Structures are given as C-alpha cells and as structure tokens.
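Participant: Input structure: entry.cif, which contains mmCIF, C-alpha atoms.
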data_coords
#
loop_
_atom_site.label_atom_id
_atom_site.label_comp_id
_atom_site.auth_asym_id
_atom_site.auth_seq_id
_atom_site.Cartn_x
_atom_site.Cartn_y
_atom_site.Cartn_z
CA MET A 1 -91.21 32.04 -18.97
CA PRO A 2 -92.12 30.61 -22.41
CA ALA A 3 -89.21 29.63 -24.61
CA LYS A 4 -88.30 31.88 -27.51
CA THR A 5 -89.22 30.57 -30.92
CA SER A 6 -89.00 31.94 -34.43
CA SER A 7 -90.51 30.96 -37.75
CA PRO A 8 -88.68 30.55 -41.07
CA GLY A 9 -88.62 33.88 -42.87
CA GLU A 10 -89.79 35.77 -39.78
CA VAL A 11 -88.64 39.40 -39.58
CA THR A 12 -86.25 39.70 -36.62
CA ARG A 13 -84.12 42.74 -37.47
CA PHE A 14 -85.73 46.07 -36.76
CA ARG A 15 -85.33 48.59 -39.56
CA THR A 16 -87.21 51.87 -39.78
CA VAL A 17 -88.67 53.11 -43.05
CA GLY A 18 -89.38 56.84 -43.38
CA PRO A 19 -89.88 59.53 -46.03
CA GLN A 20 -86.31 59.08 -47.26
CA HIS A 21 -87.12 55.45 -48.18
CA ILE A 22 -90.39 56.05 -49.98
CA ASP A 23 -88.93 55.49 -53.47
CA GLU A 24 -87.63 52.10 -52.32
CA VAL A 25 -91.05 51.17 -50.93
CA ALA A 26 -92.76 52.36 -54.12
CA ALA A 27 -90.49 50.24 -56.30
CA ARG A 28 -90.94 47.19 -54.09
CA TYR A 29 -94.71 47.36 -53.71
CA GLY A 30 -95.82 49.32 -56.76
CA LEU A 31 -97.03 52.60 -55.24
CA SER A 32 -98.36 55.06 -57.81
CA GLN A 33 -96.75 58.40 -58.54
CA SER A 34 -99.70 60.23 -56.98
CA ALA A 35 -99.36 58.15 -53.79
CA LEU A 36 -95.65 58.98 -53.72
CA GLU A 37 -96.35 62.69 -53.98
CA THR A 38 -98.96 62.46 -51.23
CA VAL A 39 -96.58 60.70 -48.84
CA ARG A 40 -93.83 63.22 -49.55
CA ALA A 41 -96.16 66.21 -49.08
CA VAL A 42 -98.13 65.08 -46.02
CA SER A 43 -95.04 63.72 -44.24
CA GLN A 44 -93.64 67.25 -44.25
CA VAL A 45 -96.35 68.04 -41.69
CA LEU A 46 -97.28 64.75 -40.01
CA PRO A 47 -94.72 62.14 -38.91
CA PHE A 48 -94.31 59.03 -41.08
CA ARG A 49 -92.49 55.90 -39.97
CA VAL A 50 -93.02 52.18 -40.55
CA ASN A 51 -90.81 49.09 -40.32
CA GLU A 52 -90.22 45.85 -42.18
CA TYR A 53 -92.64 43.84 -40.04
CA VAL A 54 -95.51 46.26 -40.74
CA LEU A 55 -94.68 46.35 -44.45
CA SER A 56 -94.33 42.62 -44.98
CA GLU A 57 -96.63 41.09 -42.35
CA LEU A 58 -99.51 43.50 -41.80
CA ILE A 59 -100.29 45.43 -45.01
CA ASP A 60 -102.25 43.66 -47.75
CA TRP A 61 -100.61 45.27 -50.76
CA HIS A 62 -103.26 43.84 -53.09
CA ARG A 63 -105.82 46.11 -51.40
CA VAL A 64 -103.82 49.33 -51.33
CA PRO A 65 -104.80 52.14 -50.92
CA GLU A 66 -108.03 50.94 -49.21
CA ASP A 67 -106.21 48.41 -47.02
CA PRO A 68 -106.83 49.44 -43.37
CA ILE A 69 -103.23 48.95 -42.21
CA PHE A 70 -101.95 50.98 -45.17
CA GLN A 71 -104.39 53.70 -44.15
CA LEU A 72 -103.19 53.35 -40.58
CA VAL A 73 -99.50 53.99 -41.26
CA PHE A 74 -99.15 55.76 -44.65
CA PRO A 75 -100.08 59.42 -45.18
CA GLN A 76 -103.15 59.71 -47.41
CA HIS A 77 -104.68 62.26 -49.76
CA GLY A 78 -107.24 64.22 -47.74
CA MET A 79 -105.41 64.21 -44.42
CA LEU A 80 -104.49 67.85 -44.93
CA PRO A 81 -106.77 70.60 -46.24
CA ALA A 82 -106.80 70.39 -50.04
CA ASP A 83 -105.18 73.81 -50.56
CA ASP A 84 -102.39 73.03 -48.10
CA GLU A 85 -101.65 69.64 -49.64
CA LYS A 86 -101.55 71.16 -53.15
CA LEU A 87 -99.23 73.92 -51.94
CA LEU A 88 -96.80 71.41 -50.44
CA VAL A 89 -96.86 69.25 -53.56
CA ASP A 90 -96.08 72.31 -55.68
CA LEU A 91 -93.26 73.43 -53.37
CA LEU A 92 -91.66 69.98 -53.51
CA ARG A 93 -92.06 69.71 -57.28
CA ARG A 94 -90.20 72.95 -57.86
CA ARG A 95 -87.66 72.15 -55.13
CA ALA A 96 -88.43 75.26 -53.17
CA PRO A 97 -85.90 76.43 -50.55
CA LYS A 98 -86.13 74.54 -47.25
CA ARG A 99 -86.88 77.77 -45.41
CA GLU A 100 -89.93 78.43 -47.56
CA ILE A 101 -91.23 74.90 -47.04
CA ALA A 102 -90.59 75.09 -43.29
CA THR A 103 -92.60 78.31 -43.01
CA GLU A 104 -95.63 76.71 -44.63
CA VAL A 105 -95.23 73.55 -42.55
CA ARG A 106 -95.25 75.55 -39.30
CA ARG A 107 -98.40 77.38 -40.40
CA ILE A 108 -100.22 74.16 -41.28
CA ARG A 109 -99.19 72.43 -38.05
CA ALA A 110 -100.39 75.35 -35.96
CA GLY A 111 -103.86 74.88 -37.42
CA LEU A 112 -103.98 71.19 -36.46
CA ASN A 113 -104.40 71.74 -32.70
CA PRO A 114 -101.15 69.96 -31.75
CA HIS A 115 -101.96 69.58 -28.02
CA PRO A 116 -105.71 69.08 -27.48
CA SER A 117 -107.74 68.97 -24.26
CA GLY A 118 -105.51 71.31 -22.26
CA GLN A 119 -102.49 69.00 -22.20
CA MET A 120 -100.00 71.86 -22.07
CA GLU A 121 -102.10 74.36 -20.13
CA LEU A 122 -103.92 72.15 -17.61
CA ASN A 123 -102.13 68.81 -17.29
CA VAL A 124 -98.53 69.77 -16.45
CA PRO A 125 -97.99 69.71 -12.66
CA SER A 126 -95.43 71.65 -10.69
CA LEU A 127 -93.12 71.02 -7.76
CA ALA A 128 -91.90 73.99 -5.75
CA ASP A 129 -93.46 76.22 -8.42
CA ASP A 130 -91.42 74.60 -11.19
CA ALA A 131 -93.30 72.92 -14.04
CA LEU A 132 -92.35 69.25 -14.25
CA GLU A 133 -90.93 68.39 -17.63
CA GLY A 134 -92.30 65.18 -19.14
CA ILE A 135 -95.09 64.63 -16.62
CA GLN A 136 -98.86 65.05 -16.82
CA HIS A 137 -101.35 64.82 -13.96
CA LYS A 138 -104.96 65.12 -15.12
CA TYR A 139 -106.74 62.60 -12.88
CA ARG A 140 -106.19 62.35 -9.13
CA GLU A 141 -105.01 58.73 -9.04
CA THR A 142 -102.93 58.65 -12.22
CA VAL A 143 -99.73 60.37 -13.34
CA LEU A 144 -98.45 60.10 -16.91
CA TYR A 145 -94.68 59.86 -17.33
CA PHE A 146 -92.87 60.46 -20.64
CA PRO A 147 -89.31 59.07 -20.41
CA GLN A 148 -87.13 61.03 -22.80
CA GLN A 149 -85.63 58.02 -24.56
CA GLY A 150 -89.09 56.56 -25.25
CA GLN A 151 -90.51 59.41 -27.30
CA THR A 152 -90.67 57.64 -30.63
CA CYS A 153 -92.47 54.49 -31.86
CA HIS A 154 -91.72 51.39 -33.92
CA ALA A 155 -94.20 52.82 -36.46
CA TYR A 156 -96.42 55.89 -36.41
CA CYS A 157 -100.20 55.80 -36.62
CA THR A 158 -101.54 58.42 -39.01
CA TYR A 159 -104.36 59.24 -36.55
CA CYS A 160 -102.03 59.68 -33.55
CA PHE A 161 -103.21 62.39 -31.17
CA ARG A 162 -99.62 62.76 -29.96
CA TRP A 163 -98.18 63.43 -33.41
CA ALA A 164 -96.58 66.63 -32.07
CA GLN A 165 -94.18 64.47 -30.01
CA PHE A 166 -92.47 63.29 -33.19
CA ILE A 167 -91.90 66.39 -35.33
CA GLY A 168 -88.72 67.68 -33.69
CA ASP A 169 -90.23 70.74 -31.98
CA ALA A 170 -88.97 70.81 -28.39
CA ASP A 171 -91.68 73.31 -27.39
CA LEU A 172 -94.39 70.77 -28.26
CA ARG A 173 -92.71 67.70 -26.81
CA PHE A 174 -93.23 66.02 -23.44
CA ALA A 175 -90.00 64.33 -22.31
CA ALA A 176 -88.42 63.68 -18.92
CA PRO A 177 -84.63 63.17 -18.85
CA GLY A 178 -84.85 61.02 -15.73
CA PRO A 179 -87.23 59.88 -12.99
CA GLU A 180 -85.87 61.98 -10.11
CA ARG A 181 -88.49 64.73 -10.20
CA LEU A 182 -91.26 62.20 -10.83
CA ILE A 183 -90.28 60.36 -7.65
CA ALA A 184 -90.22 63.60 -5.65
CA TYR A 185 -93.66 64.51 -6.98
CA LEU A 186 -95.09 61.09 -6.16
CA ARG A 187 -93.83 61.31 -2.58
CA TRP A 188 -95.64 64.65 -2.20
CA HIS A 189 -98.84 63.23 -3.72
CA PRO A 190 -99.71 59.94 -1.98
CA ALA A 191 -103.16 59.91 -3.64
CA VAL A 192 -101.42 58.88 -6.88
CA SER A 193 -101.69 55.10 -7.08
CA ASP A 194 -101.02 54.61 -10.82
CA VAL A 195 -98.07 55.68 -12.98
CA LEU A 196 -98.51 55.35 -16.73
CA PHE A 197 -95.30 55.15 -18.78
CA THR A 198 -96.23 56.61 -22.14
CA GLY A 199 -94.88 58.45 -25.14
CA GLY A 200 -94.17 57.78 -27.91
CA ASP A 201 -93.71 54.18 -26.86
CA PRO A 202 -91.61 53.17 -23.85
CA MET A 203 -90.94 49.82 -25.54
CA VAL A 204 -88.53 51.44 -28.01
CA MET A 205 -86.10 51.75 -25.10
CA SER A 206 -83.63 49.04 -24.23
CA THR A 207 -84.54 47.04 -21.14
CA GLU A 208 -81.75 48.62 -19.12
CA ARG A 209 -82.90 52.10 -20.09
CA LEU A 210 -86.49 51.25 -19.20
CA ARG A 211 -85.29 49.76 -15.91
CA SER A 212 -83.52 53.02 -15.01
CA HIS A 213 -86.85 54.86 -15.28
CA LEU A 214 -89.09 52.17 -13.82
CA GLU A 215 -87.22 50.76 -10.81
CA PRO A 216 -87.21 54.06 -8.87
CA VAL A 217 -91.02 54.13 -9.09
CA LEU A 218 -91.11 50.85 -7.19
CA SER A 219 -89.51 52.63 -4.23
CA VAL A 220 -92.70 54.68 -3.75
CA ASP A 221 -95.03 52.58 -1.60
CA THR A 222 -98.17 54.50 -2.56
CA VAL A 223 -97.79 53.53 -6.22
CA ARG A 224 -99.69 50.26 -6.59
CA THR A 225 -100.09 50.00 -10.37
CA VAL A 226 -97.53 50.50 -13.11
CA ARG A 227 -99.01 50.92 -16.59
CA ILE A 228 -97.04 50.85 -19.82
CA GLY A 229 -98.74 52.23 -22.92
CA THR A 230 -97.45 50.52 -26.05
CA LYS A 231 -98.19 49.72 -29.68
CA ALA A 232 -95.19 47.40 -29.84
CA VAL A 233 -97.22 44.18 -29.66
CA ALA A 234 -98.92 45.28 -32.88
CA TYR A 235 -96.03 46.98 -34.70
CA TRP A 236 -92.95 45.14 -33.38
CA PRO A 237 -93.92 42.09 -31.28
CA GLN A 238 -90.33 40.88 -31.63
CA ARG A 239 -89.61 43.26 -28.74
CA PHE A 240 -91.06 40.58 -26.44
CA VAL A 241 -89.97 37.50 -28.40
CA SER A 242 -86.68 37.69 -30.29
CA ASP A 243 -84.98 41.03 -29.56
CA ALA A 244 -81.60 40.59 -27.90
CA ASP A 245 -82.95 41.75 -24.52
CA ALA A 246 -86.50 40.37 -24.81
CA ASP A 247 -85.92 37.90 -21.96
CA ASP A 248 -84.47 40.66 -19.79
CA LEU A 249 -87.56 42.77 -20.50
CA LEU A 250 -89.87 39.99 -19.35
CA ARG A 251 -87.78 39.50 -16.22
CA LEU A 252 -88.25 43.21 -15.50
CA PHE A 253 -92.00 42.70 -15.84
CA GLU A 254 -91.75 39.79 -13.38
CA GLN A 255 -89.84 42.03 -10.97
CA VAL A 256 -92.65 44.61 -11.02
CA VAL A 257 -95.25 41.92 -10.32
CA ALA A 258 -93.09 40.36 -7.58
CA SER A 259 -92.96 43.76 -5.85
CA GLY A 260 -96.68 43.42 -5.20
CA ARG A 261 -97.71 45.90 -7.88
CA ASN A 262 -100.18 45.44 -10.67
CA LEU A 263 -98.45 45.62 -14.04
CA ALA A 264 -100.83 46.69 -16.79
CA ILE A 265 -99.68 46.63 -20.41
CA MET A 266 -101.98 49.10 -22.19
CA ALA A 267 -101.83 47.63 -25.69
CA HIS A 268 -103.08 49.55 -28.72
CA PHE A 269 -104.72 47.32 -31.31
CA SER A 270 -106.55 49.22 -34.03
CA HIS A 271 -107.48 46.30 -36.28
CA PRO A 272 -107.82 42.51 -35.79
CA ARG A 273 -105.09 41.84 -38.36
CA GLU A 274 -102.55 43.13 -35.84
CA LEU A 275 -103.36 40.09 -33.67
CA GLU A 276 -103.26 37.49 -36.44
CA THR A 277 -99.51 36.91 -36.74
CA ALA A 278 -97.84 34.11 -34.82
CA THR A 279 -95.28 36.58 -33.45
CA ALA A 280 -97.95 38.84 -31.96
CA ARG A 281 -99.69 35.89 -30.32
CA ARG A 282 -96.39 34.65 -28.88
CA ALA A 283 -95.63 38.14 -27.58
CA LEU A 284 -98.95 38.31 -25.75
CA GLY A 285 -98.42 34.85 -24.27
CA ARG A 286 -94.96 35.74 -22.99
CA ILE A 287 -96.18 39.03 -21.48
CA ARG A 288 -99.07 37.32 -19.70
CA ALA A 289 -96.73 34.63 -18.35
CA THR A 290 -94.95 37.31 -16.29
CA GLY A 291 -98.13 38.07 -14.35
CA ALA A 292 -98.86 41.28 -16.24
CA VAL A 293 -102.39 41.98 -17.43
CA VAL A 294 -102.89 43.24 -20.99
CA TYR A 295 -105.61 45.86 -21.53
CA CYS A 296 -106.56 46.79 -25.10
CA GLN A 297 -107.73 50.14 -26.43
CA ALA A 298 -107.96 52.07 -29.70
CA PRO A 299 -109.94 54.87 -31.29
CA LEU A 300 -112.75 54.43 -33.79
CA ILE A 301 -111.12 55.53 -37.05
CA ALA A 302 -112.71 56.12 -40.44
CA HIS A 303 -110.97 54.17 -43.25
CA VAL A 304 -109.53 51.70 -40.71
CA ASN A 305 -112.08 50.19 -38.32
CA ASP A 306 -115.38 52.07 -38.77
CA ASP A 307 -117.65 49.04 -38.91
CA ALA A 308 -119.13 46.77 -36.26
CA ARG A 309 -117.77 43.52 -37.71
CA THR A 310 -114.17 44.73 -37.39
CA TRP A 311 -114.65 45.73 -33.75
CA ALA A 312 -116.40 42.48 -32.83
CA GLU A 313 -113.56 40.51 -34.44
CA LEU A 314 -110.98 42.67 -32.66
CA TRP A 315 -112.52 42.27 -29.21
CA ARG A 316 -113.02 38.54 -29.69
CA ALA A 317 -109.40 38.16 -30.78
CA GLU A 318 -108.20 40.12 -27.74
CA LEU A 319 -110.25 37.91 -25.41
CA ALA A 320 -108.96 34.76 -27.12
CA ALA A 321 -105.40 35.98 -26.54
CA GLY A 322 -106.10 36.44 -22.82
CA ALA A 323 -106.23 40.24 -23.00
CA VAL A 324 -108.95 42.55 -21.67
CA PRO A 325 -110.96 44.72 -24.10
CA TYR A 326 -110.95 48.11 -22.35
CA TYR A 327 -111.78 51.24 -24.39
CA MET A 328 -113.15 52.26 -27.77
CA PHE A 329 -112.10 55.91 -27.98
CA VAL A 330 -113.43 58.67 -30.20
CA GLU A 331 -110.78 60.15 -32.52
CA ARG A 332 -109.41 63.24 -30.78
CA ASP A 333 -109.69 66.80 -32.03
CA THR A 334 -106.15 67.10 -33.35
CA GLY A 335 -104.08 66.38 -36.44
CA PRO A 336 -105.97 65.01 -39.47
CA ARG A 337 -109.13 64.67 -37.40
CA HIS A 338 -111.50 65.50 -40.29
CA TYR A 339 -110.14 62.50 -42.24
CA PHE A 340 -110.59 59.98 -39.44
CA GLU A 341 -113.52 61.21 -37.35
CA VAL A 342 -116.79 59.27 -37.19
CA PRO A 343 -120.00 61.01 -36.01
CA LEU A 344 -120.95 60.08 -32.44
CA ALA A 345 -124.34 58.74 -33.56
CA GLU A 346 -122.66 56.39 -36.02
CA GLY A 347 -119.95 55.45 -33.54
CA LEU A 348 -122.55 54.57 -30.91
CA GLU A 349 -124.36 52.29 -33.35
CA ILE A 350 -121.07 50.60 -34.32
CA PHE A 351 -120.22 50.07 -30.64
CA ARG A 352 -123.64 48.69 -29.70
CA THR A 353 -123.82 46.35 -32.68
CA ALA A 354 -120.32 44.97 -32.04
CA TYR A 355 -120.96 44.75 -28.28
CA SER A 356 -124.11 42.70 -28.86
CA LYS A 357 -122.06 40.06 -30.69
CA LEU A 358 -119.61 39.52 -27.83
CA PRO A 359 -119.51 36.83 -25.15
CA GLY A 360 -119.93 38.16 -21.64
CA LEU A 361 -116.22 38.11 -20.75
CA ALA A 362 -115.44 40.51 -23.61
CA ARG A 363 -118.07 43.01 -22.47
CA THR A 364 -115.49 44.71 -20.29
CA VAL A 365 -115.06 47.25 -23.09
CA ARG A 366 -116.40 50.81 -22.76
CA GLY A 367 -117.23 53.21 -25.53
CA PRO A 368 -117.46 55.30 -27.49
CA VAL A 369 -115.41 57.49 -25.12
CA MET A 370 -114.17 61.05 -25.66
CA SER A 371 -111.01 62.03 -23.74
CA ALA A 372 -112.03 65.68 -23.48
CA THR A 373 -110.75 68.58 -21.38
CA PRO A 374 -112.98 67.86 -18.33
CA GLY A 375 -112.39 64.10 -18.50
CA LYS A 376 -113.48 60.90 -20.24
CA VAL A 377 -117.06 61.12 -21.50
CA VAL A 378 -118.84 57.95 -22.62
CA VAL A 379 -121.84 58.03 -24.94
CA ASP A 380 -124.20 55.53 -23.28
CA GLY A 381 -127.15 55.80 -25.64
CA VAL A 382 -129.87 57.94 -27.21
CA GLU A 383 -132.93 59.08 -25.29
CA GLU A 384 -136.22 59.80 -27.10
CA THR A 385 -138.36 62.38 -25.26
CA SER A 386 -141.22 64.75 -25.97
CA GLU A 387 -138.56 67.47 -26.12
CA GLY A 388 -136.58 65.67 -28.82
CA ARG A 389 -133.64 63.27 -28.99
CA PHE A 390 -130.67 63.42 -26.63
CA PHE A 391 -127.34 61.68 -26.26
CA GLN A 392 -127.05 60.04 -22.84
CA LEU A 393 -123.56 60.91 -21.56
CA ARG A 394 -121.59 59.97 -18.47
CA MET A 395 -118.25 60.93 -16.96
CA VAL A 396 -116.17 57.77 -16.56
CA GLN A 397 -113.15 59.80 -15.46
CA ALA A 398 -112.75 63.48 -14.58
CA ARG A 399 -110.34 66.15 -13.39
CA ASP A 400 -112.82 66.75 -10.57
CA PRO A 401 -113.42 63.35 -8.92
CA LYS A 402 -116.90 64.46 -7.83
CA LEU A 403 -118.01 64.29 -11.47
CA VAL A 404 -117.04 60.63 -12.00
CA GLY A 405 -119.96 58.34 -12.79
CA ARG A 406 -122.44 61.19 -13.15
CA PRO A 407 -124.87 61.20 -16.10
CA PHE A 408 -125.95 64.17 -18.19
CA ARG A 409 -127.25 64.69 -21.69
CA ALA A 410 -126.78 66.72 -24.86
CA ARG A 411 -128.94 67.36 -27.91
CA TRP A 412 -128.69 64.55 -30.45
CA SER A 413 -126.95 65.43 -33.69
CA PRO A 414 -126.29 63.24 -36.74
CA THR A 415 -123.01 65.06 -37.47
CA ALA A 416 -121.49 65.82 -34.04
CA ALA A 417 -118.14 64.05 -33.70
CA TRP A 418 -116.71 65.66 -30.55
CA VAL A 419 -117.88 67.33 -27.38
CA ASP A 420 -117.41 70.81 -28.86
CA HIS A 421 -120.02 69.93 -31.50
CA LEU A 422 -122.64 69.24 -28.83
CA GLU A 423 -125.24 71.42 -27.16
CA LEU A 424 -125.56 70.37 -23.53
CA ASP A 425 -129.07 70.23 -22.12
CA PRO A 426 -129.96 72.86 -19.48
CA SER A 427 -130.89 70.03 -17.11
CA ALA A 428 -127.21 69.13 -16.70
CA PRO A 429 -126.00 69.47 -13.08
CA ALA A 430 -124.36 72.84 -12.48
CA ASP A 431 -120.91 71.43 -11.68
CA ILE A 432 -120.86 69.27 -14.81
CA ALA A 433 -122.10 72.21 -16.89
CA ALA A 434 -119.36 74.43 -15.46
CA ALA A 435 -116.71 71.85 -16.36
CA PHE A 436 -117.81 71.99 -20.00
CA VAL A 437 -118.11 75.77 -20.40
CA GLY A 438 -115.98 76.73 -23.38
CA THR A 439 -115.78 73.16 -24.68
CA THR A 440 -119.27 72.87 -26.17
CA ARG A 441 -121.01 74.73 -28.94
CA ARG A 442 -122.87 77.16 -26.68
CA PRO A 443 -122.88 77.97 -22.93
CA LEU A 444 -125.67 76.61 -20.80
CA ALA A 445 -128.41 78.84 -19.48
CA GLY A 446 -127.50 80.14 -16.05
CA VAL A 447 -123.82 79.27 -16.34
CA ALA A 448 -121.46 82.23 -16.45
CA GLU A 449 -118.79 82.34 -19.14
#
Just give me the structure of the file as structure tokens.
Facilitator:
Amino acid sequence: MPAKTSSPGEVTRFRTVGPQHIDEVAARYGLSQSALETVRAVSQVLPFRVNEYVLSELIDWHRVPEDPIFQLVFPQHGMLPADDEKLLVDLLRRRAPKREIATEVRRIRAGLNPHPSGQMELNVPSLADDALEGIQHKYRETVLYFPQQGQTCHAYCTYCFRWAQFIGDADLRFAAPGPERLIAYLRWHPAVSDVLFTGGDPMVMSTERLRSHLEPVLSVDTVRTVRIGTKAVAYWPQRFVSDADADDLLRLFEQVVASGRNLAIMAHFSHPRELETATARRALGRIRATGAVVYCQAPLIAHVNDDARTWAELWRAELAAGAVPYYMFVERDTGPRHYFEVPLAEGLEIFRTAYSKLPGLARTVRGPVMSATPGKVVVDGVEETSEGRFFQLRMVQARDPKLVGRPFRARWSPTAAWVDHLELDPSAPADIAAAFVGTTRRPLAGVAE
C-alpha cells in the first residue's frame, strides 16, 4: 500500500459549506448580491453543499460565474423556471413565514420529476411481498444498494439526478438501515452477480460503518463483483489519502479483492480539473494498489463539459491515472434538466469528436447513453436514407435481457434531448417498441397503448 503523504497547505480537515454559510463564502470570494440571492432561492428547492477542498482547490474564482466547477456545485440563475425563482426571491426578501415558503417549495419540487425512469414504481423489489427499503433491481445481474448512513455526499452536483435523496423527504429517499434484507434477497436471486453500493455516496461513511454493510455481501457466493459509486475522488480525495481511517478503508478494499471478487470503484469525474490535484492523483494510485479497478463516468452537462476538447482531456487524464473511461451519460429528465441538457445530435457530435482524439486504450468509453425506463440506450450515429435522417440507437442494458445489444432507430431531431422527445421508427422490432410505449413522443403503428 502506498505511503500517505501530504503537501504544505493541503486541505485535510473536512468541513461542509451550505446555504447557512453563503455570506461567508461571498465575503471570502467576492460573490455578487444577485448571486447570493440566487443561491439562497434555488437552494430552497435543490440541495446545495460544498467543502473547503472544492472551494479552494477546484473552483477558479477568477472565472466565476462561468467557471465549470462553480457551475457544477453552486445553484445558478436559470435552474428553476423564471417565475418560480422570482417568487422564492420575493418570499425570502420579505421574510415570509416558513410555512408559506415550504408550500411553494413542495409545489416546485413536484414539477421537477424527482424520481425519473420508474425508480419508485418499477425498480423496487420485494421479498415475501414486502417492498425492500433501500434496494433497486432494474437489471437482472445487478442490484443497487443504498446504505442509510451513506445517503449524503462530500459536495452536491447541481445536475444530480438523485437530488431527491438529499432534501429531507423520507417518502422520496432510498435508504436501507442494514444489509440483512439485501442478503436474504441475494440468496433468493442467484442470477445477481453484481451489487452496487450507491447513494448519496457510500464514501461518506466511516470504514467500520461501510464494513458493516459490505462484509455480509461477501458471504453470498453468487455475488462476484462489488461496485462502489462515488464522487469522493473528485470532491474529497483525502478520504483515500489522509482521513484518519483512510488506511483501514484501503485494507477493506484489499479484503474484497482477496475474497476473489472484482472490486469496481465507479468514479464520477465531470471535468478534467477534478483529476489535476496531487491529492486526487494520489487517491487513485492508492485505490488501484489494492487491486480495485476504477471506472469513470459522468453526464454531458451544459455549462460544465459540453465541448469535445473537455471530454478528450478528461478521458486522457483518466487513462493516464490508470482508470477506465466507461460512460458518457445524457443528463436525465429530472431536476434542473432544462438548464443542463444538451440535444442528442449535439451530444453525439461532441462524443465522436472527442472519441476520435483518443488513443485506443481510452476507447473503452460508451456514449452518449440515456438511462431510460426500458434500459440504457446508446446513440450510435445518424443514418441518412431516402426516407430522411434517423438516429441509430442500441440497447446496451435493459430490464428485459432479450433486448440487450439490439439496434433500432428514431427520427432525427436537432432539438431532442431525451428518449421522450423522439419518434421511434415503425421498423423497430415489436418487443423493443413495446418497451418504449409511453416513453416516446408518439406510439408506434401497430403497438397497443
């Protein structure tokens, strides 16, 4: 295991910064009054949290508000509908009663599609007719597990499709108090080979807490891969380097690998700057030294990474750090989607241009990919025919395993940004068409509603 090192002036004490600290941040970094009002108003609806490392190491305060990391973590004007943002600003200015503000906040949140793609309705499994709290099972081989103590993050991304986890509404939150029911479910479902620890971010837990959730999974022989979804390498790499139990955490990783399992750290890097600090590079080196493999994924996000140069730099940096570029996702249909979404046609061009600049070993990445209700849909290209232009689409993952790998197409559109903006072509196979009924702009001919 690599030795721990630290640099002079390096941030080593974790301290959260939220809405209650915004005046302090404004005084320190010179935020304008209008930016202050925006943060106060939008953070009533969407979660806001950063930390000292993000503030001092990642944001270029000379470029604010256009700086991509500032856009990534600070609420911005335009993230909420204009009328709703103005209403919240007015309510806060006149110090309206909390009950009045809360009523408006609930209304606005309800219109932001807090749980997209059937997460609540379709993904929650049951055991003995009881819904399993804090577990999702969408794809045959993979179960998602949300340990209760890991349902927060070191900092919140403004685009986060799981923003509803962090707003204090128990009815919208996935959280499992312990692994007992997960283990029972896994024993009844031997086809599940992968368990993904997710959140929030499991890396906010202490090592001993994480161990209490993870070790029982190792008792299930049919589980061959343990995945941990985390943004910690980007937002708090000290978790793997200088935190009091960082060495214990890496020993836990070694234990998983020694058990004969694959350990996959699903790291979220949204911008190459997140990989530039010495602490982040050390964190990746220490993780890889345990035998874990680091896979990297992020969505294509307007105002943050919506250009080919940024993605090429990001994927090259990931490869240089020994990590595997994995997915470029399409921003999901939830939260401030209208602020961040990039049309599929533009996203495809960004992906292809960046992909063409990569060495072969970095061409492991797939995209642009929509994690939609039926499954993961990749946009492979554009087809020119006598009938017009079409997006070439393919299922890279699906609720119904028979759909995986199958191609189909939809009418090309310069503005479509999600599957529900598309018109599927009538030539689509009947089973694929049926999977998309109700998720696209119009039903296909011959497919019953």
Participant: Would you mind listing what lies within 7 Å of stretch 371-385 of chain A as a ChimeraX atom specification, with all atoms listed in the file counted and same-chain residues fewer than 6 positions away left out?
Facilitator: /A:117-118,348,391-399,435-436
Participant: Would you save the residues from that selection as a PDB file, in the frame of the given file, using C-alpha atoms?
Facilitator:
ATOM      1  CA  SER A 117    -107.740  68.970 -24.260  1.00  0.00           C
ATOM      2  CA  GLY A 118    -105.510  71.310 -22.260  1.00  0.00           C
ATOM      3  CA  LEU A 348    -122.550  54.570 -30.910  1.00  0.00           C
ATOM      4  CA  PHE A 391    -127.340  61.680 -26.260  1.00  0.00           C
ATOM      5  CA  GLN A 392    -127.050  60.040 -22.840  1.00  0.00           C
ATOM      6  CA  LEU A 393    -123.560  60.910 -21.560  1.00  0.00           C
ATOM      7  CA  ARG A 394    -121.590  59.970 -18.470  1.00  0.00           C
ATOM      8  CA  MET A 395    -118.250  60.930 -16.960  1.00  0.00           C
ATOM      9  CA  VAL A 396    -116.170  57.770 -16.560  1.00  0.00           C
ATOM     10  CA  GLN A 397    -113.150  59.800 -15.460  1.00  0.00           C
ATOM     11  CA  ALA A 398    -112.750  63.480 -14.580  1.00  0.00           C
ATOM     12  CA  ARG A 399    -110.340  66.150 -13.390  1.00  0.00           C
ATOM     13  CA  ALA A 435    -116.710  71.850 -16.360  1.00  0.00           C
ATOM     14  CA  PHE A 436    -117.810  71.990 -20.000  1.00  0.00           C
TER      15      PHE A 436
END
Participant: Given the file shown, determine the residues that the PyMOL selection byres ((chain A and resi 249) around 12) selects; report them as a PyMOL selection string.
Facilitator: chain A and resi 1+202-211+214+238-248+250-256+283+286-287+290
Participant: Using only C-alpha atoms, which residues sit within 12 Å of A:Asp221 once same-chain residues fewer than 2 positions away are excluded, as a CSV table (one decimal) with C-alpha atoms, keeping the file's coordinate frame?
Facilitator:
chain,number,residue,atom,x,y,z
A,183,ILE,CA,-90.3,60.4,-7.6
A,186,LEU,CA,-95.1,61.1,-6.2
A,187,ARG,CA,-93.8,61.3,-2.6
A,189,HIS,CA,-98.8,63.2,-3.7
A,190,PRO,CA,-99.7,59.9,-2.0
A,191,ALA,CA,-103.2,59.9,-3.6
A,192,VAL,CA,-101.4,58.9,-6.9
A,193,SER,CA,-101.7,55.1,-7.1
A,194,ASP,CA,-101.0,54.6,-10.8
A,216,PRO,CA,-87.2,54.1,-8.9
A,217,VAL,CA,-91.0,54.1,-9.1
A,218,LEU,CA,-91.1,50.8,-7.2
A,219,SER,CA,-89.5,52.6,-4.2
A,223,VAL,CA,-97.8,53.5,-6.2
A,224,ARG,CA,-99.7,50.3,-6.6
A,225,THR,CA,-100.1,50.0,-10.4
A,226,VAL,CA,-97.5,50.5,-13.1
A,259,SER,CA,-93.0,43.8,-5.8
A,260,GLY,CA,-96.7,43.4,-5.2
A,261,ARG,CA,-97.7,45.9,-7.9
Participant: Any chance you could work out the residue set of the PyMOL selection byres ((chain A and resi 175-181) around 10) here, as number ranges by chain?
Facilitator: A: 126-127, 132-135, 145-151, 165, 170, 172-174, 182-187, 198-200, 212-217
Participant: For the file shown, report as a PyMOL selection string the outcome of the PyMOL selection byres ((chain A and resi 353) around 12) at residue level.
Facilitator: chain A and resi 306-313+346-352+354-358+367
Participant: Pick out the closest residue to A:Val419 from this set: A:Arg332, A:Arg28, A:His77, A:Arg99. Count only C-alpha atoms.
Facilitator: A:Arg332
Participant: Which residues, written as a list in words, have at least one atom at most 7 Å from A:His268, with all atoms listed in the file counted and residues fewer than 3 positions away on the same chain left out?
Facilitator: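 Close residues of A:His268: Thr230, Lys231, Cys296, Gln297 and Ala298 of chain A.
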